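S.K.: If you scroll down you'll find the structure; I have some questions about it.
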Amino acid sequence: MDLQGKNVLVAGCGISGIASAALLHKVGAKVILFDTNENLQKEDVERKFDTDVRITIVLGQLDEALIGKLDLVVLSPGVPADADFVKVLREHKLPIWGEVELAYRFAKGRIAAITGTNGKTTTTALTGEIMRDYFQSVFVVGNIGNAYTKEALHTTDESITVAEISSFQLETIEKFCPHVAAILNITPDHLNRHHTMQAYVEAKESIVKNQTEEDFCVLNYEDTYTRDFGSRAPGRIIWFSSARKLADGFFLQDDVIYKASGGKTEALLNTAETKLLGLHNMENIMAAIAICDAFKVPMDSILSSVRAFRAVEHRIEYVATKRGVDYYNDSKGTNPDAAIKGIQAMKKPTVLIGGGYDKESTYDEWIESFDGKVKLLVLIGQTREKIAECAKAHGISSIVLADSFEEAMDICIRESVPGDAVLLSPACASWGMFPNYEVRGKRFKEIVHAIED
């Protein structure tokens with residue numbers, strides 16, 4: 001697409017916004033980088049670029065004169081599609097893309113796109129490793145932390161792009177079409193952004209809206225939403241299941257992953273051969289195998305990569321054993337369903353850190369999943385009283401409220417004994433205490449490593 005000389009507004013000065021602005025600058029567009037945060041300093045924004053770029057930076061508000069000159073708007077994922085200034089832009093009949101859509105318009109090669117409430121990052125990272133071990137040109141992009149727009153111009157017709165795609169990114173796609181899409185699961189999350197569960201589900205399902213019968217869609221047979229969606233998805237369906245034998249697809253039975261196809265069933269891998277913990281990770285492995293199998297990666301190569309793969313940072317990540325206590329960083333457990341997977345993976349009495357930013361989630365199912373494992377619940381952040389009330393309603397009384405993350409860690413270190421585990425799996429976003437879950441997880445690890453033996 002030719003954007004040479006076009007006036008393009010990029011909303012948001014984060015990783016995606018900076019990468020989008022840089023791409024647009026390279027293809028000759030006249031870029032206006034906008035952020036509603038008027039407290040940002042233009043000099044600080046300019047320093048985020050790797051090279052000198054000629055762009056206009058606007059902070060605070062957009063004026064009518066500028067809006068009247070625009071040809072295109074690109075929204076960063078963190079910018080709500082229903083924000084007040086976006087509504088004004090829509091009233092001016094301007095085309096509005098997301099960062100993923102912009103990247104797709106300039107990228108080449110084939111795409112594997114992965115979404116779902118939980119498991120996206122692990123599945124994307126594993127799929128990326130499998131692809132890299134077989135193909136020469138592979139890019140792993142998206143919500144995993146590497147902006148798609150940063151890599152789009154480097155792709156070729158032979159490239160494979162593996163993309164972790166969030167519901168925020170899917171709100172603003174138009175032509176984006178992965179050859180293989182995967183929806184791992186759908187459980188309530190981000191309702192403060194999407195407002196209704198139906199809107200959230202529709203955003204997730206839109207990942208396949210441009211697919212044809214020549215494309216593939218990998219779906220979880222054990223998730224109510226994705227199983228129902230299988231009858232409506234346009235591409236060829238590949239199922240995976242962690243609870244039953246399938247006549248066609250990938251399934252887990254007696255700790256062995258199988259592939260069923262054409263009336264034959266083949267044992268692929270014993271779960272003991274992998275370095276990942278928990279049933280949810282077996283689902284992630286099956287999804288990654290299914291995606292790569294659809295790309296015709298030889299199964300021997302796929303399984304070799306799976307055996308070598310280690311857990312991603314911040315997802316039930318073993319940190320260290322200090323004074324006989326195991327410490328696990330599951331900072332990426334940013335919603336109750338993800339945090340359920342974290343506590344289910346624990347095999348020892350657990351001191352659990354929970355709480356954080358309120359995304360209007362409910363916590364009953366998470367509390368019920370404790371199953372007697374949690375010896376002490378240490379709560380922090382905006383949701384600590386809300387979670388405490390829920391826990392008490394479910395008969396849990398060993399609860400401590402901490403005023404800071406450091407205080408919470410002090411309590412965990414003091415109250416744990418040899419043979420225990422300490423788990424950071426908050427069931428909440430980090431905002432309000434940390435910029436993101438990565439910073440929260442790194443702080444956890446810093447404190448753990450500083451414990452004297």
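A note on labels: chains of the structure tokens are A, B, ... as shown, every chain counts residues from 1, and ligands are counted from 1 in their shown order.
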I want to know what sits within 9 Å of range 103-112 of chain A, based on only C-alpha atoms, with residues of the same chain fewer than 6 positions away left out; could you give that as a count of residues only?
M.R.: 34
S.K.: Sort by chain and increasing residue number a table of all residues of range 41-122 of chain A within 8 Å of range 202-216 of chain A, each with its closest pair of atoms and their distance in Å to one decimal, counting only C-alpha atoms, and write it as JSON lines.
M.R.:
```
{"residue": "A:Ala113", "atom": "CA", "partner": "A:Ile207", "partner_atom": "CA", "distance": 7.8}
{"residue": "A:Thr115", "atom": "CA", "partner": "A:Lys204", "partner_atom": "CA", "distance": 6.8}
{"residue": "A:Gly116", "atom": "CA", "partner": "A:Lys204", "partner_atom": "CA", "distance": 6.9}
```
S.K.: Selection from above, N, CA, C and O atoms, as a JSON list (two decimals), in the first residue's frame, can you write it?
M.R.:
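Contents of again-v4.json, as written:
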```
[["chain", "number", "residue", "atom", "x", "y", "z"],
["A", 113, "ALA", "N", -1.06, -17.02, 13.86],
["A", 113, "ALA", "CA", -1.52, -16.05, 14.87],
["A", 113, "ALA", "C", -2.21, -16.78, 16.01],
["A", 113, "ALA", "O", -3.06, -17.64, 15.78],
["A", 115, "THR", "N", -4.20, -16.50, 19.75],
["A", 115, "THR", "CA", -4.91, -15.71, 20.74],
["A", 115, "THR", "C", -5.55, -16.64, 21.76],
["A", 115, "THR", "O", -5.45, -17.86, 21.67],
["A", 116, "GLY", "N", -6.24, -16.05, 22.73],
["A", 116, "GLY", "CA", -6.82, -16.81, 23.83],
["A", 116, "GLY", "C", -6.64, -16.02, 25.11],
["A", 116, "GLY", "O", -5.78, -15.13, 25.19]]
```
S.K.: Check range 86-241 of chain A with DSSP on the backbone and list each residue it calls helix (DSSP H, G or I), as an MDAnalysis selection string.
M.R.: chainID A and resid 86:91 99:106 120:132 148:154 167:170 191:194 197:208 224:229
S.K.: Between CA of Asn143 in chain A and CA of Ile165 in chain A, what is the distance in Å, rounded to a tenth?
M.R.: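 These two atoms are separated by 5.7 Å.
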S.K.: Env of Lys332 in chain A: 10 Å cut, atoms = only C-alpha atoms, seq-sep filter 3 positions within chain, self excluded. Answer as a PyMOL selection string.
M.R.: chain A and resi 118-119+121+312-317+329+335+338-339+342+424-430+436-438+440-441
